[in-house]
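Structure file start-v5.cif (mmCIF, C-alpha atoms) follows.
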data_work
loop_
_atom_site.label_atom_id
_atom_site.label_comp_id
_atom_site.auth_asym_id
_atom_site.auth_seq_id
_atom_site.Cartn_x
_atom_site.Cartn_y
_atom_site.Cartn_z
CA MET A 1 0.00 0.00 0.00
CA SER A 2 2.75 2.44 0.89
CA ASP A 3 4.46 1.83 -2.47
CA ALA A 4 1.26 2.61 -4.38
CA LEU A 5 0.63 5.79 -2.39
CA ALA A 6 4.23 6.87 -2.87
CA ALA A 7 3.92 6.32 -6.61
CA VAL A 8 0.80 8.47 -6.84
CA SER A 9 2.31 11.19 -4.68
CA ARG A 10 5.46 11.24 -6.82
CA ALA A 11 3.40 11.40 -10.03
CA LEU A 12 1.45 14.39 -8.75
CA ARG A 13 4.59 16.22 -7.64
CA GLU A 14 6.24 15.72 -11.01
CA ALA A 15 3.21 16.59 -13.17
CA PRO A 16 2.65 20.06 -14.67
CA PRO A 17 -0.24 21.86 -12.95
CA ASP A 18 -2.59 21.38 -15.90
CA GLN A 19 -1.85 17.63 -16.13
CA LEU A 20 -2.67 16.46 -12.60
CA VAL A 21 -5.71 14.47 -13.69
CA GLU A 22 -3.75 12.66 -16.40
CA ALA A 23 -0.98 11.96 -13.89
CA ILE A 24 -3.30 10.34 -11.36
CA ASP A 25 -5.05 8.46 -14.17
CA ARG A 26 -1.77 6.82 -15.20
CA ALA A 27 -0.61 6.20 -11.64
CA VAL A 28 -3.88 4.64 -10.45
CA ARG A 29 -4.24 2.47 -13.53
CA SER A 30 -0.72 1.09 -13.06
CA THR A 31 -0.90 0.52 -9.30
CA LEU A 32 -4.51 -0.74 -8.97
CA ALA A 33 -5.15 -2.20 -12.44
CA ALA A 34 -8.05 0.23 -12.82
CA SER A 35 -9.98 0.24 -16.09
CA ARG A 36 -11.19 3.82 -15.72
CA VAL A 37 -10.21 6.88 -13.72
CA ASP A 38 -11.75 10.37 -13.80
CA VAL A 39 -12.12 13.47 -11.67
CA PHE A 40 -15.48 15.22 -11.25
CA LEU A 41 -15.51 18.78 -9.93
CA ALA A 42 -18.41 20.63 -8.33
CA ASP A 43 -19.61 23.70 -10.21
CA TYR A 44 -19.89 27.18 -8.71
CA ARG A 45 -23.48 26.59 -7.60
CA ILE A 46 -22.64 23.09 -6.31
CA SER A 47 -25.53 21.86 -8.46
CA GLY A 48 -23.65 19.08 -10.24
CA LEU A 49 -20.37 17.23 -10.68
CA TRP A 50 -18.55 17.59 -13.97
CA PRO A 51 -15.80 15.44 -15.56
CA VAL A 52 -12.33 16.78 -16.27
CA LEU A 53 -10.77 13.95 -18.28
CA ASP A 54 -13.80 13.42 -20.54
CA PRO A 55 -15.39 16.85 -20.96
CA ASP A 56 -17.76 15.54 -23.66
CA LEU A 57 -19.75 14.00 -20.83
CA SER A 58 -20.44 17.51 -19.53
CA ALA A 59 -22.44 18.36 -22.63
CA ALA A 60 -24.73 15.45 -21.85
CA GLY A 61 -25.15 16.63 -18.26
CA PHE A 62 -23.48 13.51 -16.92
CA LEU A 63 -23.85 13.37 -13.13
CA ALA A 64 -25.49 16.79 -13.02
CA GLY A 65 -28.00 15.58 -10.46
CA GLN A 66 -28.45 12.72 -8.05
CA GLY A 67 -26.64 9.41 -7.97
CA VAL A 68 -23.81 7.59 -6.24
CA ALA A 69 -21.34 10.37 -7.04
CA GLN A 70 -23.57 13.02 -5.45
CA ARG A 71 -24.12 10.80 -2.41
CA CYS A 72 -20.37 10.47 -2.01
CA PHE A 73 -19.89 14.22 -2.38
CA ARG A 74 -22.61 15.18 0.08
CA SER A 75 -21.82 12.56 2.72
CA GLN A 76 -18.04 12.89 2.27
CA GLN A 77 -17.86 9.10 2.50
CA PRO A 78 -16.61 6.58 -0.10
CA ALA A 79 -19.28 4.82 -2.14
CA THR A 80 -19.20 1.79 -4.44
CA GLU A 81 -21.35 0.95 -7.44
CA ALA A 82 -21.49 -2.51 -9.05
CA GLN A 83 -21.12 -2.65 -12.84
CA ASP A 84 -21.66 -5.28 -15.52
CA GLY A 85 -19.10 -8.05 -15.74
CA GLY A 86 -18.21 -7.88 -12.05
CA HIS A 87 -16.57 -4.47 -12.35
CA CYS A 88 -17.02 -1.98 -9.51
CA ARG A 89 -16.91 1.81 -9.48
CA VAL A 90 -15.39 3.40 -6.38
CA TRP A 91 -16.22 7.02 -5.64
CA VAL A 92 -14.19 8.92 -3.03
CA PRO A 93 -14.44 12.60 -2.05
CA LEU A 94 -11.86 15.13 -3.20
CA THR A 95 -11.53 17.30 -0.10
CA THR A 96 -8.72 19.25 1.53
CA TRP A 97 -8.93 21.20 4.82
CA GLY A 98 -12.70 20.85 4.57
CA GLU A 99 -12.89 22.36 1.08
CA ARG A 100 -15.05 20.02 -1.01
CA LEU A 101 -13.76 20.05 -4.58
CA GLY A 102 -15.52 17.04 -6.09
CA VAL A 103 -15.07 13.27 -6.32
CA LEU A 104 -12.55 10.82 -7.75
CA LEU A 105 -13.84 7.85 -9.75
CA VAL A 106 -11.84 4.62 -9.97
CA GLU A 107 -13.32 1.62 -11.79
CA LEU A 108 -11.82 -1.72 -10.76
CA PRO A 109 -12.18 -5.20 -12.28
CA ARG A 110 -13.74 -6.54 -9.09
CA GLU A 111 -15.26 -5.32 -5.83
CA PRO A 112 -12.44 -3.89 -3.68
CA ASP A 113 -11.68 -4.74 -0.07
CA PRO A 114 -11.80 -1.97 2.59
CA GLN A 115 -8.01 -1.52 2.46
CA THR A 116 -8.14 -0.73 -1.26
CA VAL A 117 -10.96 1.77 -0.77
CA ALA A 118 -8.93 3.43 2.00
CA ARG A 119 -5.92 3.54 -0.32
CA ILE A 120 -7.96 5.28 -3.03
CA GLY A 121 -9.15 7.75 -0.41
CA GLU A 122 -5.54 8.62 0.46
CA MET A 123 -4.77 9.12 -3.23
CA ALA A 124 -7.77 11.44 -3.51
CA ARG A 125 -6.57 13.54 -0.58
CA ASP A 126 -3.16 13.99 -2.24
CA LEU A 127 -4.88 14.95 -5.48
CA ALA A 128 -7.16 17.46 -3.73
CA ILE A 129 -4.18 19.27 -2.22
CA ALA A 130 -2.47 19.33 -5.62
CA LEU A 131 -5.61 20.69 -7.32
CA ARG A 132 -5.90 23.53 -4.81
CA ALA A 133 -2.27 24.48 -5.41
CA ALA A 134 -2.60 24.16 -9.21
CA ASP A 135 -5.48 26.66 -9.34
CA ARG A 136 -2.88 29.43 -9.07
CA GLU A 137 -1.07 28.19 -12.17
CA THR A 138 -3.74 26.96 -14.60
CA ASP A 139 -7.33 27.78 -15.60
CA ARG A 140 -8.20 24.20 -16.56
CA TYR A 141 -10.01 23.22 -13.38
CA ARG A 142 -11.82 26.55 -13.09
CA ARG A 143 -13.17 26.07 -16.62
CA ALA A 144 -14.46 22.64 -15.63
CA ARG A 145 -16.33 24.16 -12.67
CA ARG A 146 -18.15 26.95 -14.50
CA ARG A 147 -21.29 26.08 -16.43
CA GLU A 148 -21.68 29.52 -18.02
CA ARG A 149 -19.59 32.62 -18.44
CA LEU A 150 -19.02 34.71 -15.33
CA SER A 151 -19.60 38.44 -15.37
CA MET A 152 -16.51 40.54 -14.72
CA ALA A 153 -17.84 41.36 -11.25
CA ALA A 154 -18.36 37.69 -10.42
CA GLU A 155 -14.88 36.84 -11.71
CA MET A 156 -13.41 39.33 -9.24
CA GLN A 157 -15.52 38.08 -6.35
CA TRP A 158 -14.67 34.41 -6.85
CA GLU A 159 -10.97 35.25 -7.08
CA LEU A 160 -11.25 37.09 -3.77
CA LEU A 161 -12.94 34.28 -1.82
CA PRO A 162 -10.86 32.29 0.70
CA GLY A 163 -12.66 29.06 -0.27
CA ARG A 164 -16.11 27.62 0.22
CA SER A 165 -15.60 25.55 3.36
CA VAL A 166 -12.98 24.75 5.98
CA THR A 167 -12.66 22.20 8.79
CA HIS A 168 -11.04 22.79 12.18
CA ASP A 169 -10.93 20.83 15.43
CA ALA A 170 -13.31 23.36 16.99
CA PHE A 171 -15.66 24.14 14.09
CA LEU A 172 -16.94 23.56 10.58
CA LEU A 173 -17.37 26.59 8.35
CA ALA A 174 -18.93 27.03 4.91
CA GLY A 175 -20.15 29.85 2.70
CA GLN A 176 -22.08 30.32 -0.52
CA LEU A 177 -22.35 33.27 -2.88
CA GLU A 178 -25.26 33.85 -5.29
CA PRO A 179 -26.12 34.50 -8.01
CA ALA A 180 -22.90 32.62 -8.69
CA TYR A 181 -22.27 33.88 -12.22
CA THR A 182 -23.32 37.51 -11.84
CA VAL A 183 -22.72 38.38 -8.18
CA GLY A 184 -21.65 41.96 -7.49
CA GLY A 185 -20.94 43.47 -4.09
CA ASP A 186 -21.79 40.82 -1.49
CA HIS A 187 -18.90 38.75 -0.22
CA PHE A 188 -17.41 36.77 2.67
CA ASP A 189 -13.87 36.28 3.92
CA TRP A 190 -12.25 34.24 6.68
CA SER A 191 -8.89 33.37 8.13
CA VAL A 192 -7.94 30.54 10.50
CA ASP A 193 -5.01 31.35 12.77
CA THR A 194 -3.63 29.87 15.97
CA GLY A 195 -6.47 30.02 18.50
CA ARG A 196 -8.67 32.29 16.40
CA LEU A 197 -11.11 32.36 13.49
CA THR A 198 -11.79 35.72 11.82
CA LEU A 199 -14.92 35.92 9.66
CA THR A 200 -16.37 38.87 7.73
CA VAL A 201 -19.49 39.21 5.59
CA LEU A 202 -19.82 42.29 3.38
CA ASN A 203 -22.60 43.99 1.46
CA GLY A 204 -21.14 46.61 -0.89
CA THR A 205 -23.44 49.30 -2.25
CA GLY A 206 -24.31 49.38 -5.93
CA THR A 207 -24.30 46.65 -8.54
CA GLY A 208 -22.00 45.02 -11.03
CA LEU A 209 -18.35 45.88 -11.49
CA ALA A 210 -18.46 49.06 -9.40
CA ALA A 211 -19.78 47.12 -6.39
CA ALA A 212 -17.20 44.36 -6.90
CA MET A 213 -14.34 46.89 -6.99
CA LEU A 214 -15.66 48.51 -3.81
CA THR A 215 -15.83 45.16 -2.04
CA ALA A 216 -12.35 44.18 -3.25
CA LEU A 217 -10.90 47.38 -1.80
CA THR A 218 -12.65 46.73 1.53
CA VAL A 219 -11.56 43.09 1.79
CA ASN A 220 -7.95 43.90 1.01
CA ALA A 221 -7.88 46.78 3.51
CA MET A 222 -9.18 44.47 6.26
CA ARG A 223 -6.71 41.76 5.26
CA ASN A 224 -3.90 44.30 5.40
CA ALA A 225 -4.82 45.23 8.97
CA ARG A 226 -5.38 41.62 10.02
CA ARG A 227 -2.11 40.39 8.55
CA SER A 228 -0.30 43.22 10.32
CA GLY A 229 -1.62 41.93 13.64
CA GLY A 230 -4.60 44.28 13.98
CA GLY A 231 -7.77 43.24 15.76
CA LEU A 232 -11.36 43.76 14.64
CA VAL A 233 -11.40 47.48 15.45
CA GLU A 234 -8.21 48.14 13.51
CA GLN A 235 -9.57 46.12 10.57
CA ALA A 236 -12.85 48.02 10.51
CA GLU A 237 -11.27 51.45 10.96
CA LEU A 238 -8.54 50.99 8.35
CA ALA A 239 -11.08 49.73 5.82
CA SER A 240 -13.49 52.57 6.66
CA ASP A 241 -10.81 55.25 6.30
CA THR A 242 -9.53 53.70 3.06
CA LEU A 243 -13.03 53.75 1.58
CA PHE A 244 -13.77 57.28 2.76
CA TYR A 245 -10.61 58.84 1.38
CA GLN A 246 -11.17 57.00 -1.90
CA HIS A 247 -14.86 57.87 -2.31
CA ARG A 248 -15.43 60.76 0.15
CA GLY A 249 -18.45 59.13 1.73
CA GLN A 250 -20.27 58.54 -1.56
CA ARG A 251 -19.73 54.77 -1.40
CA HIS A 252 -19.86 52.57 1.68
CA VAL A 253 -19.85 48.88 2.62
CA ALA A 254 -22.08 47.31 5.28
CA THR A 255 -19.93 44.76 7.08
CA LEU A 256 -20.12 42.31 9.97
CA LEU A 257 -16.76 41.30 11.47
CA LEU A 258 -16.48 38.33 13.84
CA SER A 259 -13.50 36.92 15.71
CA VAL A 260 -13.98 33.57 17.48
CA ASP A 261 -11.64 32.29 20.19
CA THR A 262 -11.35 28.63 19.22
CA ALA A 263 -10.45 27.60 22.78
CA THR A 264 -13.37 29.25 24.59
CA GLY A 265 -16.13 29.98 22.08
CA ARG A 266 -16.05 33.68 22.92
CA VAL A 267 -17.07 35.73 19.88
CA ARG A 268 -16.00 39.35 19.41
CA ALA A 269 -18.06 41.30 16.88
CA VAL A 270 -18.11 44.63 15.08
CA ASP A 271 -21.49 45.23 13.47
CA ALA A 272 -20.99 47.89 10.80
CA GLY A 273 -24.14 47.55 8.75
CA SER A 274 -26.69 45.15 7.36
CA PRO A 275 -25.38 41.53 7.51
CA GLN A 276 -27.13 39.61 10.31
CA VAL A 277 -26.02 36.72 12.52
CA LEU A 278 -28.55 34.14 13.72
CA ARG A 279 -28.05 31.22 16.07
CA LEU A 280 -29.66 27.80 15.68
CA ARG A 281 -29.63 26.14 19.09
CA GLY A 282 -31.65 22.92 19.18
CA THR A 283 -34.76 23.78 17.17
CA THR A 284 -34.73 27.50 17.99
CA VAL A 285 -33.49 30.14 15.54
CA GLU A 286 -32.89 33.55 17.06
CA PRO A 287 -30.95 36.63 15.95
CA ILE A 288 -27.92 37.70 17.95
CA ALA A 289 -28.75 41.24 19.02
CA LEU A 290 -25.81 43.51 18.20
CA GLU A 291 -25.66 47.30 18.25
CA GLN A 292 -25.43 48.35 14.63
CA GLN A 293 -22.74 50.93 13.88
CA LEU A 294 -22.03 52.99 10.76
CA PRO A 295 -21.18 51.14 7.54
CA LEU A 296 -17.55 51.34 6.53
CA GLY A 297 -16.58 54.42 4.53
CA MET A 298 -19.45 56.80 5.39
CA PHE A 299 -17.39 59.30 7.40
CA ALA A 300 -13.74 60.06 8.08
CA GLU A 301 -12.12 58.75 11.26
CA THR A 302 -15.14 56.67 12.27
CA ARG A 303 -14.51 54.75 15.47
CA TYR A 304 -15.90 51.29 16.17
CA VAL A 305 -16.49 49.29 19.33
CA VAL A 306 -16.48 45.53 19.89
CA GLN A 307 -19.33 43.52 21.38
CA GLU A 308 -19.06 39.97 22.68
CA PHE A 309 -21.20 36.86 22.99
CA ASP A 310 -20.59 33.14 23.45
CA VAL A 311 -21.34 30.04 21.42
CA GLU A 312 -21.85 26.64 23.01
CA PRO A 313 -21.02 23.19 21.61
CA GLY A 314 -23.76 22.23 19.17
CA ASP A 315 -24.60 25.82 18.24
CA ARG A 316 -24.88 26.72 14.58
CA LEU A 317 -24.41 30.34 13.50
CA PHE A 318 -25.72 31.65 10.19
CA VAL A 319 -24.47 34.98 8.85
CA VAL A 320 -26.60 36.29 5.99
CA SER A 321 -26.57 39.41 3.83
CA ASP A 322 -29.65 41.57 3.26
CA GLY A 323 -30.09 39.88 -0.12
CA VAL A 324 -31.16 36.84 1.92
CA TYR A 325 -33.21 38.04 4.86
CA ASP A 326 -34.73 41.10 3.13
CA ALA A 327 -35.69 39.39 -0.14
CA ARG A 328 -39.32 40.29 -1.02
CA PRO A 329 -40.18 38.68 -4.36
CA GLY A 330 -43.55 39.57 -5.85
CA GLY A 331 -44.56 41.73 -2.90
CA GLN A 332 -44.43 38.83 -0.43
CA GLU A 333 -43.27 39.22 3.13
CA SER A 334 -39.50 39.17 3.43
CA TYR A 335 -37.73 35.81 3.35
CA GLY A 336 -36.36 36.61 6.80
CA GLU A 337 -39.79 37.08 8.30
CA ARG A 338 -40.55 33.34 8.68
CA ALA A 339 -39.29 31.29 5.73
CA MET A 340 -35.60 31.77 6.49
CA ALA A 341 -35.93 30.41 10.03
CA ARG A 342 -37.83 27.38 8.71
CA SER A 343 -35.09 26.64 6.19
CA MET A 344 -32.40 27.00 8.86
CA ARG A 345 -34.20 24.62 11.21
CA SER A 346 -34.45 22.08 8.39
CA THR A 347 -30.63 21.91 8.21
CA ARG A 348 -30.16 20.51 11.74
CA LEU A 349 -28.91 17.13 10.52
CA GLN A 350 -26.82 18.50 7.66
CA PRO A 351 -23.15 19.50 7.79
CA ALA A 352 -22.35 23.18 7.36
CA ALA A 353 -21.40 22.79 3.68
CA GLU A 354 -24.83 21.31 2.93
CA ALA A 355 -26.68 23.75 5.19
CA VAL A 356 -25.64 26.84 3.21
CA GLY A 357 -26.89 25.17 0.03
CA THR A 358 -30.21 24.31 1.64
CA VAL A 359 -30.85 27.87 2.81
CA MET A 360 -29.86 29.22 -0.61
CA ARG A 361 -32.04 26.71 -2.48
CA GLU A 362 -34.99 27.63 -0.27
CA LEU A 363 -34.30 31.28 -1.08
CA PHE A 364 -34.43 30.49 -4.82
CA ALA A 365 -37.65 28.54 -4.28
CA TYR A 366 -39.09 31.53 -2.42
CA HIS A 367 -38.36 33.53 -5.56
CA ALA A 368 -40.25 30.85 -7.53
CA ASP A 369 -36.91 29.82 -9.08
CA THR A 370 -36.48 33.18 -10.83
CA ASP A 371 -33.19 35.04 -10.66
CA LEU A 372 -32.41 36.76 -7.38
CA SER A 373 -32.99 40.51 -7.47
CA ASP A 374 -30.03 41.12 -5.14
CA ASP A 375 -26.74 39.48 -4.26
CA ALA A 376 -26.98 36.92 -1.47
CA VAL A 377 -24.43 35.46 0.96
CA VAL A 378 -24.99 32.65 3.44
CA VAL A 379 -22.20 31.58 5.82
CA CYS A 380 -22.67 28.74 8.32
CA LEU A 381 -20.47 28.11 11.36
CA ASP A 382 -20.92 24.86 13.31
CA TRP A 383 -19.32 25.17 16.71
CA HIS A 384 -18.25 22.02 18.54
CA GLY A 385 -15.35 23.33 20.65
CA ALA A 386 -15.46 24.52 24.25
CA GLY A 387 -18.40 26.86 24.93
CA GLY A 388 -18.30 30.09 26.94
CA ALA A 389 -20.09 30.61 30.20
CA GLY A 390 -22.49 33.40 29.29
CA ARG A 391 -24.87 34.27 26.49
CA ALA A 392 -25.34 37.99 26.93
CA VAL A 393 -24.03 40.45 24.38
CA ARG A 394 -21.94 43.23 25.88
CA THR A 395 -20.09 46.20 24.45
CA VAL A 396 -16.31 46.42 24.79
CA THR A 397 -14.68 49.77 24.11
CA GLY A 398 -11.06 48.62 24.21
CA ARG A 399 -9.06 47.18 21.37
#
Could you show the structure in this file as structure tokens?
Amino acid sequence: MSDALAAVSRALREAPPDQLVEAIDRAVRSTLAASRVDVFLADYRISGLWPVLDPDLSAAGFLAGQGVAQRCFRSQQPATEAQDGGHCRVWVPLTTWGERLGVLLVELPREPDPQTVARIGEMARDLAIALRAADRETDRYRRARRRERLSMAAEMQWELLPGRSVTHDAFLLAGQLEPAYTVGGDHFDWSVDTGRLTLTVLNGTGTGLAAAMLTALTVNAMRNARRSGGGLVEQAELASDTLFYQHRGQRHVATLLLSVDTATGRVRAVDAGSPQVLRLRGTTVEPIALEQQLPLGMFAETRYVVQEFDVEPGDRLFVVSDGVYDARPGGQESYGERAMARSMRSTRLQPAAEAVGTVMRELFAYHADTDLSDDAVVVCLDWHGAGGAGRAVRTVTGR
């Protein structure tokens, strides 16, 4: 087993970034006597899985729906599928640091034993890491993921995202951005550091490319402060000043900044605008009451204060933009009035990466499957680390 894994790892290291799938195809065929190997990547909406080695299958919509491959992707567990002549398809998830990329297909001449399935899973993990790294050097895998052309604004937003999900000992985190191919100013960002998770959700004013450029400036200003060691207040104030001196108060960005202590579950928050945070505890969905401060960029030298609250093991936090909770299609009541809480409660048994998709699909259904009239962001944080002692929100003026 170790020789086979070493051979696959060596093949991936030596392959050009655009040839990783061919490299693992050759390596798996030679080490496991496989008759077929392919990689299927999830699209931007996570609505289907699409082949890389045989792109002609994409035109036929192969796997763009339910099936064994989708079950493997959603459960993040290997799955097998018997074929004619005694052959067996093995599907294993392509996932790295919690980021779900797709699935790896290996077709074997006979049903494999558990050790062989485990070996294929290890190969898939090596491939997933290589695919993440290769995205900086080739467009091949991005082309496989997109089912239609992205607007320029959406291209900028997807480039700016940290990922779509991440796993940590203390939490699971996932986010989704819609409409995936035309999104403008809404965005999310996160960073996992020693003992701390920093999460931001943004709602830039305007539409299209102008909104995307505004959001990009905000995200990079906050990253600059964060990477220089600044806390939430420094991040908010640097971004606010940067926006103001660029646009003189004519453009602003509503932003929610959260910093979670991964050892205690204590959450520090700066609420600078419209994104909302809601907690699902058991079967109860309730908003976390935070004092809303000025959006970033409205005035020069704006000062911000931090508030704090705790999460307990088993809590699920949703952070949503106003394109989610304030959606009012066809003159209906807003999605956040009742429907959003129902959709959030329905996710109790789903992992975070599935929960964001459920809430977003319910939002589309609320719009009767028509295009969203506003950008929408859903971020889900599942907390299973140590919980804090209190639940009250309090204001902290220090930095």
Point to revise | Exercise: A:Pro351 partners within 9 Å, only C-alpha atoms, chain neighbours under 6 positions left out, as JSON, numbers by chain | key: {"A": [74, 75, 172, 382]}
**Study point:** Target residues per the PyMOL selection byres ((chain A and resi 48-52) around 12), formatted as number ranges by chain
**Key:** A: 18-22, 25, 37-47, 53-74, 93-94, 100-105, 131, 140-147
Exercise for review: For A:Leu280, list every protein, DNA or RNA residue within 7 Å, evaluated using all atoms listed in the file, and leave out those in the same chain fewer than 2 positions away; present the list as a list of chain:residue names.
Suggested key: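 My list of contacting residues is A:Leu278, A:Gly282, A:Thr283, A:Thr284, A:Val285, A:Glu286, A:Asp315, A:Arg316, A:Leu317.
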Review point. Smallest atom-to-atom distance to A:Gln157: which of A:Trp91, A:Phe188, A:Phe309, A:Tyr335, using only C-alpha atoms?
Key: A:Phe188
Review point. Atom CA of A:Trp190 to atom CA of A:Phe299: how many Å, to one decimal?
Key: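 Separating atom CA of A:Trp190 from atom CA of A:Phe299 is a distance of 25.6 Å.
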Practice item. Excluding A:Ala225 and residues on its chain fewer than 2 positions from it, collect all residues at most 9 Å away from it, counting only C-alpha atoms, and give them as a ChimeraX atom specification. Key: /A:220-223,227-232,234-236,238-239
**Study point:** atom CA of A:Arg164 to atom CA of A:Ile24, distance in Å rounded to a single decimal
**Key:**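 Computing the Euclidean distance for atom CA of A:Arg164 and atom CA of A:Ile24 yields 24.4 Å.
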Review point. Can you tell me, as a PyMOL selection string, what residues are no more than 6 Å from A:Leu296 when counting all atoms listed in the file, ignoring any on the same chain fewer than 3 positions away?
Key: chain A and resi 240+252-253
Review point. What is the distance between atom CA of A:Ala154 and atom CA of A:Asp375, in Å to one decimal?
Key: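 Atom CA of A:Asp375 lies at a distance of 10.6 Å from atom CA of A:Ala154.
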Review point. Which one of A:Ala216, A:Ala365, A:Val106, A:Val311 sits closest to A:Ala263 if you count only C-alpha atoms?
Key: A:Val311
**Study point:** Picked residues, the PyMOL selection byres ((chain A and resi 11) around 12), expected as number ranges by chain
**Key:** A: 4-10, 12-17, 19-28, 30-31, 123, 126-127, 130
Practice item. Pick out the residues sitting within 9 Å of A:Pro112, and hand them over as a list in words; count only C-alpha atoms, and ignore anything fewer than 3 positions along from it in its own chain. Key: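 Within the cut-off, the hits are Thr80, Cys88, Val90, Leu108, Pro109, Gln115, Thr116 and Val117 of chain A.
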Check your understanding: Do you know which residues the PyMOL selection byres ((chain A and resi 277) around 9) returns on this file, as a ChimeraX atom specification?
Key -> /A:256,275-276,278-279,286-290,317-320
